[in-house]
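Source file query-v2.pdb; content: PDB, C-alpha atoms.
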```pdb
ATOM      1  CA  MET A   1     109.497 115.122 106.653  1.00  0.00           C
ATOM      2  CA  THR A   2     110.546 113.399 109.859  1.00  0.00           C
ATOM      3  CA  VAL A   3     107.975 111.181 111.563  1.00  0.00           C
ATOM      4  CA  ILE A   4     108.057 111.151 115.340  1.00  0.00           C
ATOM      5  CA  LEU A   5     106.665 107.779 116.407  1.00  0.00           C
ATOM      6  CA  LEU A   6     105.512 107.916 120.015  1.00  0.00           C
ATOM      7  CA  ALA A   7     106.323 104.736 121.939  1.00  0.00           C
ATOM      8  CA  ALA A   8     106.903 106.000 125.477  1.00  0.00           C
ATOM      9  CA  GLY A   9     103.526 105.737 127.212  1.00  0.00           C
ATOM     10  CA  LEU A  10     102.588 103.643 130.207  1.00  0.00           C
ATOM     11  CA  SER A  11      99.666 101.849 128.484  1.00  0.00           C
ATOM     12  CA  SER A  12      97.776 102.287 131.761  1.00  0.00           C
ATOM     13  CA  ARG A  13      94.314 101.723 130.258  1.00  0.00           C
ATOM     14  CA  MET A  14      95.521  98.540 128.552  1.00  0.00           C
ATOM     15  CA  GLY A  15      97.170  97.026 131.624  1.00  0.00           C
ATOM     16  CA  CYS A  16     100.243  95.906 129.667  1.00  0.00           C
ATOM     17  CA  ASN A  17     102.501  97.421 127.028  1.00  0.00           C
ATOM     18  CA  LYS A  18     100.085  97.664 124.103  1.00  0.00           C
ATOM     19  CA  LEU A  19     102.856  98.319 121.604  1.00  0.00           C
ATOM     20  CA  LEU A  20     104.292  94.858 122.196  1.00  0.00           C
ATOM     21  CA  LEU A  21     100.985  92.985 121.818  1.00  0.00           C
ATOM     22  CA  PRO A  22     100.773  90.672 118.815  1.00  0.00           C
ATOM     23  CA  PHE A  23      99.248  92.143 115.681  1.00  0.00           C
ATOM     24  CA  ASN A  24      99.521  90.610 112.230  1.00  0.00           C
ATOM     25  CA  GLY A  25     102.214  88.192 113.428  1.00  0.00           C
ATOM     26  CA  LYS A  26     104.490  90.790 115.064  1.00  0.00           C
ATOM     27  CA  ALA A  27     104.557  93.464 117.766  1.00  0.00           C
ATOM     28  CA  LEU A  28     101.763  95.987 117.190  1.00  0.00           C
ATOM     29  CA  ILE A  29     104.191  98.928 116.945  1.00  0.00           C
ATOM     30  CA  LEU A  30     105.853  97.278 113.949  1.00  0.00           C
ATOM     31  CA  SER A  31     102.664  97.448 111.864  1.00  0.00           C
ATOM     32  CA  THR A  32     102.567 101.190 112.496  1.00  0.00           C
ATOM     33  CA  LEU A  33     106.297 101.575 111.903  1.00  0.00           C
ATOM     34  CA  GLU A  34     106.258  99.655 108.616  1.00  0.00           C
ATOM     35  CA  THR A  35     103.575 101.975 107.237  1.00  0.00           C
ATOM     36  CA  VAL A  36     105.576 104.993 108.407  1.00  0.00           C
ATOM     37  CA  LEU A  37     108.663 103.626 106.635  1.00  0.00           C
ATOM     38  CA  THR A  38     106.751 103.353 103.346  1.00  0.00           C
ATOM     39  CA  TYR A  39     106.191 107.097 103.694  1.00  0.00           C
ATOM     40  CA  THR A  40     109.643 108.280 104.877  1.00  0.00           C
ATOM     41  CA  ASP A  41     112.970 106.896 105.990  1.00  0.00           C
ATOM     42  CA  LYS A  42     113.378 109.697 108.542  1.00  0.00           C
ATOM     43  CA  VAL A  43     111.855 108.237 111.707  1.00  0.00           C
ATOM     44  CA  VAL A  44     112.471 109.055 115.364  1.00  0.00           C
ATOM     45  CA  VAL A  45     110.979 106.524 117.783  1.00  0.00           C
ATOM     46  CA  VAL A  46     110.510 108.106 121.210  1.00  0.00           C
ATOM     47  CA  THR A  47     110.729 105.553 124.002  1.00  0.00           C
ATOM     48  CA  GLY A  48     110.077 105.706 127.723  1.00  0.00           C
ATOM     49  CA  TYR A  49     108.143 102.978 129.519  1.00  0.00           C
ATOM     50  CA  GLU A  50     109.829  99.592 128.965  1.00  0.00           C
ATOM     51  CA  HIS A  51     112.190 101.337 126.557  1.00  0.00           C
ATOM     52  CA  GLU A  52     114.514  98.347 126.283  1.00  0.00           C
ATOM     53  CA  HIS A  53     111.664  96.188 124.935  1.00  0.00           C
ATOM     54  CA  ILE A  54     110.570  98.850 122.447  1.00  0.00           C
ATOM     55  CA  GLU A  55     114.159  99.401 121.288  1.00  0.00           C
ATOM     56  CA  ASN A  56     114.500  95.622 120.812  1.00  0.00           C
ATOM     57  CA  ALA A  57     111.269  95.462 118.813  1.00  0.00           C
ATOM     58  CA  VAL A  58     112.306  98.243 116.404  1.00  0.00           C
ATOM     59  CA  GLY A  59     115.996  97.335 116.422  1.00  0.00           C
ATOM     60  CA  GLU A  60     116.081  95.686 113.005  1.00  0.00           C
ATOM     61  CA  TYR A  61     114.669  98.815 111.344  1.00  0.00           C
ATOM     62  CA  ASN A  62     116.697 101.805 110.230  1.00  0.00           C
ATOM     63  CA  VAL A  63     115.219 104.288 112.722  1.00  0.00           C
ATOM     64  CA  ARG A  64     116.628 106.521 115.421  1.00  0.00           C
ATOM     65  CA  THR A  65     115.431 105.897 118.973  1.00  0.00           C
ATOM     66  CA  VAL A  66     115.501 108.512 121.719  1.00  0.00           C
ATOM     67  CA  TYR A  67     114.549 108.153 125.349  1.00  0.00           C
ATOM     68  CA  ALA A  68     112.114 110.601 126.964  1.00  0.00           C
ATOM     69  CA  ASP A  69     113.181 110.578 130.591  1.00  0.00           C
ATOM     70  CA  ASN A  70     110.041 112.485 131.624  1.00  0.00           C
ATOM     71  CA  TYR A  71     107.605 110.177 129.782  1.00  0.00           C
ATOM     72  CA  LYS A  72     105.572 109.673 132.976  1.00  0.00           C
ATOM     73  CA  ASN A  73     104.470 113.320 132.722  1.00  0.00           C
ATOM     74  CA  GLY A  74     102.408 112.602 129.623  1.00  0.00           C
ATOM     75  CA  GLN A  75     102.438 112.406 125.853  1.00  0.00           C
ATOM     76  CA  LYS A  76     103.300 116.069 125.380  1.00  0.00           C
ATOM     77  CA  TYR A  77     106.723 115.552 126.922  1.00  0.00           C
ATOM     78  CA  SER A  78     107.466 112.548 124.736  1.00  0.00           C
ATOM     79  CA  THR A  79     106.335 114.541 121.709  1.00  0.00           C
ATOM     80  CA  LEU A  80     108.630 117.421 122.663  1.00  0.00           C
ATOM     81  CA  ARG A  81     111.530 114.979 123.056  1.00  0.00           C
ATOM     82  CA  GLY A  82     110.933 113.858 119.473  1.00  0.00           C
ATOM     83  CA  ILE A  83     110.621 117.431 118.207  1.00  0.00           C
ATOM     84  CA  GLU A  84     114.040 118.186 119.708  1.00  0.00           C
ATOM     85  CA  GLU A  85     115.456 115.635 117.251  1.00  0.00           C
ATOM     86  CA  THR A  86     114.007 117.294 114.128  1.00  0.00           C
ATOM     87  CA  ASP A  87     115.291 120.033 111.887  1.00  0.00           C
ATOM     88  CA  ASP A  88     112.700 119.842 109.115  1.00  0.00           C
ATOM     89  CA  ASP A  89     108.933 119.473 108.758  1.00  0.00           C
ATOM     90  CA  PHE A  90     107.656 116.780 111.096  1.00  0.00           C
ATOM     91  CA  ALA A  91     104.706 114.534 111.810  1.00  0.00           C
ATOM     92  CA  VAL A  92     103.593 113.066 115.119  1.00  0.00           C
ATOM     93  CA  VAL A  93     102.108 109.562 115.196  1.00  0.00           C
ATOM     94  CA  PRO A  94     101.329 107.321 118.186  1.00  0.00           C
ATOM     95  CA  GLY A  95     102.847 103.863 117.870  1.00  0.00           C
ATOM     96  CA  ASP A  96      99.488 102.141 118.431  1.00  0.00           C
ATOM     97  CA  LEU A  97      97.848 102.944 115.063  1.00  0.00           C
ATOM     98  CA  PRO A  98      98.546  99.704 113.171  1.00  0.00           C
ATOM     99  CA  LEU A  99      95.852 100.380 110.550  1.00  0.00           C
ATOM    100  CA  ILE A 100      97.078 103.860 109.583  1.00  0.00           C
ATOM    101  CA  THR A 101      97.576 104.061 105.821  1.00  0.00           C
ATOM    102  CA  ILE A 102     100.082 105.637 103.485  1.00  0.00           C
ATOM    103  CA  ASP A 103      97.172 107.709 102.118  1.00  0.00           C
ATOM    104  CA  ASP A 104      96.669 109.194 105.600  1.00  0.00           C
ATOM    105  CA  PHE A 105     100.249 110.487 105.372  1.00  0.00           C
ATOM    106  CA  LYS A 106     100.170 111.648 101.757  1.00  0.00           C
ATOM    107  CA  GLY A 107      96.755 113.326 102.047  1.00  0.00           C
ATOM    108  CA  THR A 108      97.679 115.125 105.242  1.00  0.00           C
ATOM    109  CA  GLU A 109     101.003 116.285 103.838  1.00  0.00           C
ATOM    110  CA  LYS A 110      99.296 117.732 100.746  1.00  0.00           C
ATOM    111  CA  LEU A 111      97.434 120.125 103.044  1.00  0.00           C
ATOM    112  CA  LEU A 112     100.781 121.596 104.120  1.00  0.00           C
ATOM    113  CA  ASP A 113     100.752 123.397 100.752  1.00  0.00           C
ATOM    114  CA  THR A 114      98.008 125.594 102.261  1.00  0.00           C
ATOM    115  CA  TYR A 115      98.356 125.239 106.042  1.00  0.00           C
ATOM    116  CA  THR A 116     101.381 125.122 108.336  1.00  0.00           C
ATOM    117  CA  ILE A 117      99.685 122.409 110.421  1.00  0.00           C
ATOM    118  CA  ALA A 118      97.629 119.556 109.012  1.00  0.00           C
ATOM    119  CA  ARG A 119      95.976 116.576 110.601  1.00  0.00           C
ATOM    120  CA  ALA A 120      94.116 113.480 109.549  1.00  0.00           C
ATOM    121  CA  CYS A 121      90.621 112.938 110.899  1.00  0.00           C
ATOM    122  CA  HIS A 122      87.889 110.389 110.325  1.00  0.00           C
ATOM    123  CA  LYS A 123      84.229 111.420 110.307  1.00  0.00           C
ATOM    124  CA  GLY A 124      85.034 114.534 112.328  1.00  0.00           C
ATOM    125  CA  ILE A 125      87.210 112.754 114.914  1.00  0.00           C
ATOM    126  CA  PRO A 126      90.741 114.200 115.012  1.00  0.00           C
ATOM    127  CA  GLY A 127      93.409 111.591 114.359  1.00  0.00           C
ATOM    128  CA  HIS A 128      96.959 111.162 113.107  1.00  0.00           C
ATOM    129  CA  PRO A 129      99.289 111.983 111.606  1.00  0.00           C
ATOM    130  CA  VAL A 130      99.510 115.554 112.821  1.00  0.00           C
ATOM    131  CA  MET A 131     101.992 117.350 110.569  1.00  0.00           C
ATOM    132  CA  TYR A 132     103.811 120.607 111.214  1.00  0.00           C
ATOM    133  CA  ARG A 133     105.946 122.872 109.064  1.00  0.00           C
ATOM    134  CA  LYS A 134     109.349 123.312 110.704  1.00  0.00           C
ATOM    135  CA  GLU A 135     108.473 126.904 111.656  1.00  0.00           C
ATOM    136  CA  HIS A 136     106.453 125.402 114.536  1.00  0.00           C
ATOM    137  CA  ARG A 137     109.431 123.562 116.051  1.00  0.00           C
ATOM    138  CA  GLU A 138     110.730 126.300 118.347  1.00  0.00           C
ATOM    139  CA  LYS A 139     107.227 127.558 119.128  1.00  0.00           C
ATOM    140  CA  LEU A 140     106.196 124.107 120.322  1.00  0.00           C
ATOM    141  CA  LEU A 141     109.357 123.591 122.345  1.00  0.00           C
ATOM    142  CA  GLN A 142     108.592 126.820 124.224  1.00  0.00           C
ATOM    143  CA  PHE A 143     104.801 126.434 124.479  1.00  0.00           C
ATOM    144  CA  ASP A 144     103.489 126.019 128.041  1.00  0.00           C
ATOM    145  CA  GLY A 145     100.087 124.554 127.205  1.00  0.00           C
ATOM    146  CA  THR A 146      99.010 121.172 125.903  1.00  0.00           C
ATOM    147  CA  MET A 147      99.405 119.994 122.333  1.00  0.00           C
ATOM    148  CA  ARG A 148      95.635 120.243 121.968  1.00  0.00           C
ATOM    149  CA  GLU A 149      95.759 123.885 123.086  1.00  0.00           C
ATOM    150  CA  TYR A 150      98.538 124.608 120.615  1.00  0.00           C
ATOM    151  CA  LEU A 151      96.487 123.139 117.784  1.00  0.00           C
ATOM    152  CA  ALA A 152      93.423 125.131 118.860  1.00  0.00           C
ATOM    153  CA  GLN A 153      95.452 128.355 118.681  1.00  0.00           C
ATOM    154  CA  ASN A 154      96.730 127.665 115.161  1.00  0.00           C
ATOM    155  CA  SER A 155      94.939 127.197 111.857  1.00  0.00           C
ATOM    156  CA  THR A 156      94.919 123.504 110.986  1.00  0.00           C
ATOM    157  CA  GLY A 157      93.948 121.777 107.762  1.00  0.00           C
ATOM    158  CA  PHE A 158      92.019 118.510 108.118  1.00  0.00           C
ATOM    159  CA  TYR A 159      92.365 115.529 105.795  1.00  0.00           C
ATOM    160  CA  GLU A 160      89.505 113.014 105.808  1.00  0.00           C
ATOM    161  CA  GLY A 161      91.510 109.889 106.460  1.00  0.00           C
ATOM    162  CA  ASP A 162      90.829 106.222 106.884  1.00  0.00           C
ATOM    163  CA  ILE A 163      89.480 104.780 110.138  1.00  0.00           C
ATOM    164  CA  GLY A 164      93.058 103.644 110.823  1.00  0.00           C
ATOM    165  CA  SER A 165      93.981 107.267 111.510  1.00  0.00           C
ATOM    166  CA  ILE A 166      91.898 107.181 114.708  1.00  0.00           C
ATOM    167  CA  MET A 167      91.781 103.484 115.615  1.00  0.00           C
ATOM    168  CA  ASP A 168      94.286 103.069 118.440  1.00  0.00           C
ATOM    169  CA  ALA A 169      94.819 100.259 120.947  1.00  0.00           C
ATOM    170  CA  ASP A 170      94.272 102.168 124.190  1.00  0.00           C
ATOM    171  CA  THR A 171      92.026  99.569 125.854  1.00  0.00           C
ATOM    172  CA  PRO A 172      91.526  95.796 125.648  1.00  0.00           C
ATOM    173  CA  GLU A 173      88.232  96.435 123.831  1.00  0.00           C
ATOM    174  CA  ARG A 174      89.913  98.651 121.214  1.00  0.00           C
ATOM    175  CA  TYR A 175      92.671  96.073 120.753  1.00  0.00           C
ATOM    176  CA  ARG A 176      90.056  93.369 120.111  1.00  0.00           C
ATOM    177  CA  MET A 177      88.363  95.676 117.602  1.00  0.00           C
ATOM    178  CA  LEU A 178      91.683  96.227 115.824  1.00  0.00           C
ATOM    179  CA  LEU A 179      92.246  92.477 115.629  1.00  0.00           C
ATOM    180  CA  GLU A 180      88.768  91.989 114.130  1.00  0.00           C
ATOM    181  CA  MET A 181      89.327  94.797 111.622  1.00  0.00           C
ATOM    182  CA  GLN A 182      92.689  93.328 110.639  1.00  0.00           C
ATOM    183  CA  LYS A 183      91.086  89.918 110.034  1.00  0.00           C
ATOM    184  CA  SER A 184      88.483  91.431 107.723  1.00  0.00           C
ATOM    185  CA  ASN A 185      91.125  93.155 105.543  1.00  0.00           C
TER     186      ASN A 185
END
```

Let me see the structure of the file written as structure tokens.
Amino acid sequence: MTVILLAAGLSSRMGCNKLLLPFNGKALILSTLETVLTYTDKVVVVTGYEHEHIENAVGEYNVRTVYADNYKNGQKYSTLRGIEETDDDFAVVPGDLPLITIDDFKGTEKLLDTYTIARACHKGIPGHPVMYRKEHREKLLQFDGTMREYLAQNSTGFYEGDIGSIMDADTPERYRMLLEMQKSN
């Protein structure tokens, strides 16, 4: 399983690069990345906006970084750039999920025994990781619609994950909530 860690977005709702904000004594993306690395050593970090800073932040880790030159067109294009780098089953995870757990990965992957797509959710809210059997690689690379549309057209298994599977840092309020949640752990 290769994990595609999305780190290309503009962070427009945050007003600054959310992945580089401090979290647990380091850049927020590193909390997400360290959990991913406890799950697999096959990681592709997709960069775009401020890619030099992201590449610096993850530079000490044994991960592959790729640049999505069309990152301004939205998350789908960064996701597709990561998918291009895979040749096995793969998972997609945004870089701003610092509370995601190893159980979110293991539980979601177990569903791939029954489904070809599986996804973590929390109390009915779809989250991450979203995992795909490799048979979806070429289909996704050629699909014209959104990732959400692709998922809607394909049977997906849902794993009831931890709140960390949905708790991103898209806004200053969400970031503050993440900091409070981290303090209470």

Please identify all polymer residues within 8 Å of Glu109 in chain A, counting only C-alpha atoms, omitting same-chain residues fewer than 3 positions from it, and present them as an mmCIF file with C-alpha atoms, in the frame of the given file.
```
data_model
loop_
_atom_site.group_PDB
_atom_site.id
_atom_site.type_symbol
_atom_site.label_atom_id
_atom_site.label_comp_id
_atom_site.auth_asym_id
_atom_site.auth_seq_id
_atom_site.Cartn_x
_atom_site.Cartn_y
_atom_site.Cartn_z
ATOM 1 C CA PHE A 105 100.249 110.487 105.372
ATOM 2 C CA LYS A 106 100.170 111.648 101.757
ATOM 3 C CA LEU A 112 100.781 121.596 104.120
ATOM 4 C CA ASP A 113 100.752 123.397 100.752
ATOM 5 C CA ALA A 118 97.629 119.556 109.012
ATOM 6 C CA MET A 131 101.992 117.350 110.569
#
```

Original post:
Which residue, A:Leu99, A:Ile83, A:Ile54, A:Cys16, has the smallest gap to Glu34 in chain A when you use only C-alpha atoms?
Top reply: A:Leu99

Original post:
If you count all atoms listed in the file, which residues fall within 10 Å of Leu37 in chain A, apart from same-chain ones fewer than 2 positions away, as a PyMOL selection string?
Top reply: chain A and resi 3+32-35+39-43+61-63+102

Writing out the chosen residues with C-alpha atoms as a JSON list (two decimals), keeping the file's coordinate frame:
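Dumped everything to again00.json:
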```json
[["chain", "number", "residue", "atom", "x", "y", "z"],
["A", 3, "VAL", "CA", 107.98, 111.18, 111.56],
["A", 32, "THR", "CA", 102.57, 101.19, 112.50],
["A", 33, "LEU", "CA", 106.30, 101.58, 111.90],
["A", 34, "GLU", "CA", 106.26, 99.66, 108.62],
["A", 35, "THR", "CA", 103.58, 101.98, 107.24],
["A", 39, "TYR", "CA", 106.19, 107.10, 103.69],
["A", 40, "THR", "CA", 109.64, 108.28, 104.88],
["A", 41, "ASP", "CA", 112.97, 106.90, 105.99],
["A", 42, "LYS", "CA", 113.38, 109.70, 108.54],
["A", 43, "VAL", "CA", 111.86, 108.24, 111.71],
["A", 61, "TYR", "CA", 114.67, 98.82, 111.34],
["A", 62, "ASN", "CA", 116.70, 101.80, 110.23],
["A", 63, "VAL", "CA", 115.22, 104.29, 112.72],
["A", 102, "ILE", "CA", 100.08, 105.64, 103.48]]
```

**OP:** Name the residues, using the chain letters and numbers of the file, that sit within 12 Å of (98.1, 95.3, 126.9) when counting all atoms listed in the file, and give them as a ChimeraX atom specification.
**Re:** /A:9-23,27-28,96,169-176

Original post:
Leaving out Pro129 in chain A and any residue of its chain fewer than 5 positions from it, which residues lie within 7 Å of it when counting only C-alpha atoms, given as a ChimeraX atom specification?
Top reply: /A:91-93,105,119-120

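The residues returned by the PyMOL selection byres ((chain A and resi 132) around 7) for this structure are Asp89, Phe90, Ala91, Thr116, Ile117, Ala118, Val130, Met131, Arg133, Lys134 and His136 of chain A.
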
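CA of Ser184 in chain A is found 23.0 Å from CA of Pro94 in chain A.
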
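CA of Thr79 in chain A to CA of Arg64 in chain A spans 14.5 Å [interatomic distance, one decimal].
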
**OP:** Run the PyMOL selection byres ((chain A and resi 80) around 10) on the file and write out the hits as number ranges by chain.
**Re:** A: 4, 46, 68, 75-79, 81-85, 137, 140-143, 147

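Between CA of Val58 in chain A and CA of Val36 in chain A the interatomic distance comes to 12.4 Å.
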
Subject >> Pick from A:Ala152, A:Ala8, A:Val66, A:Ile166 nearest to Asp104 in chain A, counting all atoms listed in the file >> reply: A:Ile166

Take range 16-27 of chain A, model N, CA and C atoms, and hand the result over as an mmCIF file, in the frame of the given file.
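Output (rebuild.cif):
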```cif
data_model
loop_
_atom_site.group_PDB
_atom_site.id
_atom_site.type_symbol
_atom_site.label_atom_id
_atom_site.label_comp_id
_atom_site.auth_asym_id
_atom_site.auth_seq_id
_atom_site.Cartn_x
_atom_site.Cartn_y
_atom_site.Cartn_z
ATOM 1 N N CYS A 16 98.952 96.448 130.080
ATOM 2 C CA CYS A 16 100.243 95.906 129.667
ATOM 3 C C CYS A 16 100.733 96.777 128.517
ATOM 4 N N ASN A 17 101.965 96.585 128.096
ATOM 5 C CA ASN A 17 102.501 97.421 127.028
ATOM 6 C C ASN A 17 101.828 97.071 125.706
ATOM 7 N N LYS A 18 100.885 97.913 125.304
ATOM 8 C CA LYS A 18 100.085 97.664 124.103
ATOM 9 C C LYS A 18 100.932 97.585 122.845
ATOM 10 N N LEU A 19 102.039 98.297 122.816
ATOM 11 C CA LEU A 19 102.856 98.319 121.604
ATOM 12 C C LEU A 19 103.542 96.989 121.327
ATOM 13 N N LEU A 20 103.634 96.154 122.352
ATOM 14 C CA LEU A 20 104.292 94.858 122.196
ATOM 15 C C LEU A 20 103.298 93.707 122.012
ATOM 16 N N LEU A 21 101.997 94.021 122.047
ATOM 17 C CA LEU A 21 100.985 92.985 121.818
ATOM 18 C C LEU A 21 101.071 92.468 120.389
ATOM 19 N N PRO A 22 100.702 91.205 120.179
ATOM 20 C CA PRO A 22 100.773 90.672 118.815
ATOM 21 C C PRO A 22 99.712 91.298 117.901
ATOM 22 N N PHE A 23 100.150 91.617 116.699
ATOM 23 C CA PHE A 23 99.248 92.143 115.681
ATOM 24 C C PHE A 23 99.834 91.767 114.331
ATOM 25 N N ASN A 24 99.077 91.018 113.566
ATOM 26 C CA ASN A 24 99.521 90.610 112.230
ATOM 27 C C ASN A 24 100.861 89.872 112.281
ATOM 28 N N GLY A 25 101.027 89.034 113.321
ATOM 29 C CA GLY A 25 102.214 88.192 113.428
ATOM 30 C C GLY A 25 103.464 88.865 113.977
ATOM 31 N N LYS A 26 103.335 90.076 114.508
ATOM 32 C CA LYS A 26 104.490 90.790 115.064
ATOM 33 C C LYS A 26 104.012 91.760 116.128
ATOM 34 N N ALA A 27 104.936 92.451 116.772
ATOM 35 C CA ALA A 27 104.557 93.464 117.766
ATOM 36 C C ALA A 27 103.738 94.558 117.085
#
```
